[in-house]
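Below is one structure, written out as structure tokens; comments come after it.
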Amino acid sequence: MKRNAFTLLETLLALMVFSVAVVALVEAVNQLGKTTINMRREGEVRERLRSLLLENTRLPMPASLQRDTQRVEHGDVLYTIVREPLTGLKNRDGAELQGLHAVRVTAEWREGNATQQATAETWVFPPLFQPH
């Protein structure tokens, strides 16, 4: 007796293997989409951090500034900007360096159930940015 057709069991088995492969492919594409969205968001946060850091290094800093803290919301990201004088720094001759300030920008946002955080920091010597 010659068989020219598949049995029901063979057909169901083939459909099950195909279904598992399709589910795995859909999950991989879904994960790729989530990763792309997260990377884009982190890039936007990094760019905003850089922008705020640059902006705040160019602002005039009064000589009497002890510590200045600002909070800026951009979408669902909270940026905290801290400007404060640096103390205790000395040059090679042992003389204390005057007029240096630290500028730090911290971003906080929620991603799923976890709080994410990124920070950018630099030192600035305000007299360099004053008009002559």
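To be explicit about the labels: the chains of the structure tokens are called A, B, and onward in the order shown, and within each one the residues are counted from 1, while ligands get numbers from 1 in the order they are shown.
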Practice item. Based on DSSP run over this structure's backbone, return all residues of chain A in helix (DSSP H, G or I), as an MDAnalysis selection string. Key: chainID A and resid 8:57 126:129
Within 8 Å of region 94-117 of chain A, which residues of region 31-81 of chain A come that close, and what is the closest atom pair and distance in Å for each? Count only C-alpha atoms and give it as a tab-separated table.
residue	atom	partner	partner_atom	distance
A:Val45	CA	A:Ala107	CA	7.3
A:Leu49	CA	A:Val105	CA	6.3
A:Leu52	CA	A:Val105	CA	7.1
A:Leu53	CA	A:Val105	CA	6.2
A:Asn56	CA	A:Val103	CA	7.2
A:Thr57	CA	A:Val103	CA	6.8
A:Ala63	CA	A:Gly99	CA	7.6
A:Asp76	CA	A:Trp109	CA	6.4
A:Val77	CA	A:Trp109	CA	4.8
A:Leu78	CA	A:Glu108	CA	5.3
A:Tyr79	CA	A:Ala107	CA	4.4
A:Thr80	CA	A:Thr106	CA	5.1
A:Ile81	CA	A:Val105	CA	4.5
Exercise for review: Once DSSP has gone over the backbone, tell me which residues of chain A are in strand (DSSP E), as an MDAnalysis selection string.
Suggested key: chainID A and resid 68:74 77:85 101:111 114:124
Only C-alpha atoms, please: the residues just picked out, written as a PDB file, in the first residue's frame.
ATOM      1  CA  ASP A  68      22.716  76.472  44.236  1.00  0.00           C
ATOM      2  CA  THR A  69      20.243  73.678  43.467  1.00  0.00           C
ATOM      3  CA  GLN A  70      17.628  73.748  40.713  1.00  0.00           C
ATOM      4  CA  ARG A  71      15.108  71.143  39.631  1.00  0.00           C
ATOM      5  CA  VAL A  72      13.883  70.966  36.047  1.00  0.00           C
ATOM      6  CA  GLU A  73      11.230  68.571  34.739  1.00  0.00           C
ATOM      7  CA  HIS A  74      11.345  67.554  31.105  1.00  0.00           C
ATOM      8  CA  VAL A  77      12.511  62.989  33.677  1.00  0.00           C
ATOM      9  CA  LEU A  78      13.561  65.082  36.678  1.00  0.00           C
ATOM     10  CA  TYR A  79      16.883  66.901  36.283  1.00  0.00           C
ATOM     11  CA  THR A  80      18.647  68.231  39.381  1.00  0.00           C
ATOM     12  CA  ILE A  81      21.325  70.871  38.797  1.00  0.00           C
ATOM     13  CA  VAL A  82      23.797  71.583  41.610  1.00  0.00           C
ATOM     14  CA  ARG A  83      26.381  74.382  41.433  1.00  0.00           C
ATOM     15  CA  GLU A  84      28.786  74.729  44.340  1.00  0.00           C
ATOM     16  CA  PRO A  85      32.283  76.075  44.982  1.00  0.00           C
ATOM     17  CA  HIS A 101      33.010  75.574  40.975  1.00  0.00           C
ATOM     18  CA  ALA A 102      31.553  72.119  40.434  1.00  0.00           C
ATOM     19  CA  VAL A 103      28.468  71.796  38.257  1.00  0.00           C
ATOM     20  CA  ARG A 104      26.587  68.482  38.447  1.00  0.00           C
ATOM     21  CA  VAL A 105      23.412  67.543  36.585  1.00  0.00           C
ATOM     22  CA  THR A 106      21.551  64.382  37.611  1.00  0.00           C
ATOM     23  CA  ALA A 107      18.613  62.859  35.716  1.00  0.00           C
ATOM     24  CA  GLU A 108      16.106  60.502  37.329  1.00  0.00           C
ATOM     25  CA  TRP A 109      13.310  58.637  35.587  1.00  0.00           C
ATOM     26  CA  ARG A 110      11.309  55.436  35.914  1.00  0.00           C
ATOM     27  CA  GLU A 111      11.708  52.593  33.490  1.00  0.00           C
ATOM     28  CA  ALA A 114      13.023  50.535  38.392  1.00  0.00           C
ATOM     29  CA  THR A 115      14.302  54.078  38.908  1.00  0.00           C
ATOM     30  CA  GLN A 116      17.067  54.975  36.468  1.00  0.00           C
ATOM     31  CA  GLN A 117      19.690  57.647  37.083  1.00  0.00           C
ATOM     32  CA  ALA A 118      22.404  59.323  35.007  1.00  0.00           C
ATOM     33  CA  THR A 119      24.846  62.066  36.024  1.00  0.00           C
ATOM     34  CA  ALA A 120      27.143  64.513  34.237  1.00  0.00           C
ATOM     35  CA  GLU A 121      29.630  66.666  36.129  1.00  0.00           C
ATOM     36  CA  THR A 122      32.349  69.196  35.369  1.00  0.00           C
ATOM     37  CA  TRP A 123      34.424  71.897  37.030  1.00  0.00           C
ATOM     38  CA  VAL A 124      34.283  75.479  35.860  1.00  0.00           C
TER      39      VAL A 124
END
Exercise for review: Kindly give the distance, in Å, that separates CA of Leu54 (chain A) and CA of Arg67 (chain A), rounded to a single decimal.
Suggested key: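 That distance, rounded to one decimal, is 17.9 Å.
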Check your understanding: Do you have the CA of Leu25 (chain A)-CA of Leu9 (chain A) distance handy?
Key ->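 Separating CA of Leu25 (chain A) from CA of Leu9 (chain A) is a distance of 24.5 Å.
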